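Input: a single structure, listed below in structure tokens.
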Amino acid sequence: MAELKKNLEEILDKRFIGPSSSPWGAAVLFVKNKDGSFRLCIDYRGLNMVTVKNKYLLTRIDELLDQLKGAKWFSKIDLASGYHQISIEPNDMRKTTFRTRYGHYEFVFMPFGLTNAPATFIKMMNSLFRDFLDESVIIFIDDILVYSKDDESHKEHLLAVLERLREHKFMLNSASAVFGRRA
């Protein structure tokens with residue numbers, strides 16, 4: 001219960017969730033992480049069973065590698081809680097409701113575990129970087145790879161990508177980002 005309370009306070013503080021008056025509510029589970037800590041999970045199996053699947057085929061790895069021909073400079077950008085930076089349509093928030101002994105909550109931002117979350121995220125990122133795709137950016141699931149043939153163009157490409165992310169208020173996970181690596 002202490003872990004549940006701590007997790008709820010954390011996601012409430014980040015404003016990922018808010019109180020709900022929805023008649024629905026998924027169960028809350030905990031999954032043990034490798035380090036022994038616990039991760040809060042919402043059991044959306046029931047919702048996912050009735051959701052129309054938004055199939056978004058992953059790009060084949062050989063197609064991605066073809067785009068990198070001649071590239072010598074690379075940066076990998078990871079978003080901080082990437083899915084949690086995508087707002088949920090207000091009419092759909094009630095579908096994400098979950099119940100705990102501490103209250104009834106719904107997600108304001110996309111939670112993990114929804115069947116269409118990965119496809120929605122990829123579609124949004126591809127749309128956001130449409131003018132950079134096939135020239136200097138590859139999106140693969142939740143990673144953004146910036147690539148260039150030389151150091152000067154890499155600086156320009158990277159700054160353009162970072163500016164686009166800033167314009168759309170996306171936060172980076174700087175701990176897992178890699179900037180300006182030469183191949």
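Labels for the structure tokens follow display order: chains A, B, ..., residues from 1 in each chain, ligands from 1.
Omitting stretch 114-126 of chain A and its sequence neighbours fewer than 3 positions away, and counting only C-alpha atoms, the residues within 8 Å are Tyr44, Leu47, Asn48, Thr51, Lys53, Asn54, Lys55, Tyr56, Tyr83, Ile86, Met110, Pro111, Phe129, Arg130, Leu133, Ile139, Phe140, Ile141 and Asp142 of chain A.
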What lies within 10 Å of A:Tyr105 using only C-alpha atoms, ignoring chain neighbours under 3 positions off, as a CSV table (one decimal) with N, CA, C and O atoms, in the first residue's frame?
```csv
chain,number,residue,atom,x,y,z
A,8,LEU,N,1.1,6.9,-6.7
A,8,LEU,CA,0.0,7.8,-7.0
A,8,LEU,C,0.4,9.3,-6.8
A,8,LEU,O,0.1,10.2,-7.6
A,12,LEU,N,0.4,12.0,-9.7
A,12,LEU,CA,-0.5,13.2,-9.4
A,12,LEU,C,0.4,14.5,-9.5
A,12,LEU,O,-0.1,15.5,-10.1
A,17,ILE,N,-2.2,12.2,-14.1
A,17,ILE,CA,-3.6,11.8,-13.8
A,17,ILE,C,-4.3,12.8,-13.1
A,17,ILE,O,-3.7,13.8,-12.5
A,18,GLY,N,-5.6,12.7,-13.0
A,18,GLY,CA,-6.5,13.5,-12.2
A,18,GLY,C,-7.6,12.7,-11.7
A,18,GLY,O,-7.9,11.5,-12.1
A,19,PRO,N,-8.4,13.3,-10.8
A,19,PRO,CA,-9.6,12.6,-10.2
A,19,PRO,C,-10.6,12.2,-11.3
A,19,PRO,O,-10.7,12.9,-12.3
A,20,SER,N,-11.3,11.1,-11.1
A,20,SER,CA,-12.3,10.7,-12.1
A,20,SER,C,-13.6,10.4,-11.5
A,20,SER,O,-13.7,10.0,-10.3
A,21,SER,N,-14.7,10.6,-12.3
A,21,SER,CA,-16.0,10.3,-11.8
A,21,SER,C,-16.6,9.2,-12.8
A,21,SER,O,-17.8,9.0,-12.8
A,22,SER,N,-15.7,8.6,-13.6
A,22,SER,CA,-16.2,7.6,-14.6
A,22,SER,C,-16.7,6.4,-13.9
A,22,SER,O,-16.3,6.0,-12.8
A,25,GLY,N,-13.4,1.5,-14.3
A,25,GLY,CA,-12.2,1.5,-13.5
A,25,GLY,C,-11.4,0.2,-13.6
A,25,GLY,O,-11.9,-0.8,-13.3
A,26,ALA,N,-10.2,0.3,-14.2
A,26,ALA,CA,-9.3,-0.9,-14.3
A,26,ALA,C,-8.6,-1.1,-13.0
A,26,ALA,O,-8.5,-0.2,-12.1
A,93,MET,N,-10.6,10.3,-21.9
A,93,MET,CA,-10.0,10.2,-20.5
A,93,MET,C,-10.7,9.2,-19.6
A,93,MET,O,-10.1,8.5,-18.9
A,94,ARG,N,-12.0,9.2,-19.6
A,94,ARG,CA,-12.8,8.4,-18.7
A,94,ARG,C,-12.5,6.9,-19.0
A,94,ARG,O,-12.7,6.1,-18.1
A,96,THR,N,-9.7,5.6,-19.4
A,96,THR,CA,-8.4,5.3,-18.8
A,96,THR,C,-8.5,5.2,-17.3
A,96,THR,O,-7.5,5.1,-16.6
A,97,THR,N,-9.7,5.2,-16.8
A,97,THR,CA,-9.9,5.3,-15.3
A,97,THR,C,-9.4,4.0,-14.6
A,97,THR,O,-9.5,2.9,-15.2
A,98,PHE,N,-8.9,4.2,-13.4
A,98,PHE,CA,-8.5,3.1,-12.6
A,98,PHE,C,-8.9,3.4,-11.2
A,98,PHE,O,-8.9,4.6,-10.8
A,99,ARG,N,-9.1,2.4,-10.4
A,99,ARG,CA,-9.6,2.5,-9.0
A,99,ARG,C,-8.5,2.0,-8.0
A,99,ARG,O,-7.9,1.0,-8.3
A,100,THR,N,-8.4,2.8,-7.0
A,100,THR,CA,-7.5,2.3,-5.9
A,100,THR,C,-8.2,2.6,-4.6
A,100,THR,O,-9.2,3.3,-4.6
A,102,TYR,N,-7.2,4.6,-2.6
A,102,TYR,CA,-7.0,6.1,-2.3
A,102,TYR,C,-7.8,7.0,-3.3
A,102,TYR,O,-7.7,8.2,-3.2
A,108,VAL,N,-4.6,11.9,-17.9
A,108,VAL,CA,-4.8,13.1,-18.7
A,108,VAL,C,-3.8,13.0,-19.9
A,108,VAL,O,-4.1,13.5,-21.0
```
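Here atom CA of A:His84 and atom CA of A:Phe109 stand 5.0 Å from one another.
Nearest residue to A:Ile77 among A:Asp143, A:Glu63, A:Asp150, A:Glu167 is A:Asp143, counting only C-alpha atoms.
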Could you please write out, as a VMD selection string, every residue of chain A that DSSP assigns to alpha helix (DSSP H)? chain A and resid 2 to 13 45 to 50 61 to 67 117 to 128 151 to 167
Determine the nearest neighbour of A:Asp151 from the options A:Leu128, A:Ala71, A:Ala27, A:Val52, counting only C-alpha atoms. A:Ala71
Pick out each residue of stretch 2-161 of chain A that DSSP on the backbone tags as strand (DSSP E); I need them as a ChimeraX atom specification. /A:17-19,27-32,38-43,73-78,98-100,103-107,137-140,143-148
Mind writing the picked residues with C-alpha atoms as a PDB file, in the first residue's frame?
```
ATOM      1  CA  ILE A  17      -3.563  11.761 -13.811  1.00  0.00           C
ATOM      2  CA  GLY A  18      -6.499  13.519 -12.236  1.00  0.00           C
ATOM      3  CA  PRO A  19      -9.576  12.558 -10.218  1.00  0.00           C
ATOM      4  CA  ALA A  27      -7.434  -2.752 -11.654  1.00  0.00           C
ATOM      5  CA  VAL A  28      -4.012  -1.696 -10.419  1.00  0.00           C
ATOM      6  CA  LEU A  29      -1.130  -4.173 -10.366  1.00  0.00           C
ATOM      7  CA  PHE A  30       2.511  -4.006  -9.395  1.00  0.00           C
ATOM      8  CA  VAL A  31       5.310  -5.583 -11.383  1.00  0.00           C
ATOM      9  CA  LYS A  32       8.662  -6.184  -9.756  1.00  0.00           C
ATOM     10  CA  PHE A  38       7.934  -2.092  -7.997  1.00  0.00           C
ATOM     11  CA  ARG A  39       6.339  -0.491 -11.037  1.00  0.00           C
ATOM     12  CA  LEU A  40       2.686   0.539 -11.053  1.00  0.00           C
ATOM     13  CA  CYS A  41       0.706  -1.048 -13.905  1.00  0.00           C
ATOM     14  CA  ILE A  42      -2.917  -0.564 -14.841  1.00  0.00           C
ATOM     15  CA  ASP A  43      -4.697  -3.681 -16.123  1.00  0.00           C
ATOM     16  CA  TRP A  73      27.738  11.632 -37.147  1.00  0.00           C
ATOM     17  CA  PHE A  74      24.932  10.426 -34.891  1.00  0.00           C
ATOM     18  CA  SER A  75      22.880  11.579 -31.910  1.00  0.00           C
ATOM     19  CA  LYS A  76      20.229   9.539 -30.130  1.00  0.00           C
ATOM     20  CA  ILE A  77      17.467  11.365 -28.298  1.00  0.00           C
ATOM     21  CA  ASP A  78      15.165   9.742 -25.792  1.00  0.00           C
ATOM     22  CA  PHE A  98      -8.477   3.085 -12.596  1.00  0.00           C
ATOM     23  CA  ARG A  99      -9.582   2.520  -9.025  1.00  0.00           C
ATOM     24  CA  THR A 100      -7.500   2.345  -5.893  1.00  0.00           C
ATOM     25  CA  GLY A 103      -9.349   7.223  -5.048  1.00  0.00           C
ATOM     26  CA  HIS A 104     -10.623   6.916  -8.574  1.00  0.00           C
ATOM     27  CA  TYR A 105      -8.293   8.441 -11.220  1.00  0.00           C
ATOM     28  CA  GLU A 106      -8.026   8.882 -14.968  1.00  0.00           C
ATOM     29  CA  PHE A 107      -5.065   9.684 -17.170  1.00  0.00           C
ATOM     30  CA  VAL A 137      16.062  11.831 -38.698  1.00  0.00           C
ATOM     31  CA  ILE A 138      14.867   8.289 -38.061  1.00  0.00           C
ATOM     32  CA  ILE A 139      12.090   7.552 -35.586  1.00  0.00           C
ATOM     33  CA  PHE A 140      12.043   4.031 -34.212  1.00  0.00           C
ATOM     34  CA  ASP A 143      13.874   6.810 -30.050  1.00  0.00           C
ATOM     35  CA  ILE A 144      14.898   9.679 -32.294  1.00  0.00           C
ATOM     36  CA  LEU A 145      18.120   9.208 -34.250  1.00  0.00           C
ATOM     37  CA  VAL A 146      19.698  12.280 -35.843  1.00  0.00           C
ATOM     38  CA  TYR A 147      22.307  11.455 -38.476  1.00  0.00           C
ATOM     39  CA  SER A 148      24.544  13.516 -40.759  1.00  0.00           C
TER      40      SER A 148
END
```
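Using only C-alpha atoms for every distance, the candidate list A:Ala80, A:Gln85, A:Phe132, A:Val50 yields A:Gln85 as the residue closest to A:Arg15.
For the set A:Asn7, A:Thr59, A:Leu79, A:Leu68, the residue with the smallest atom-to-atom gap to A:Lys169 is A:Leu79, counting only C-alpha atoms.
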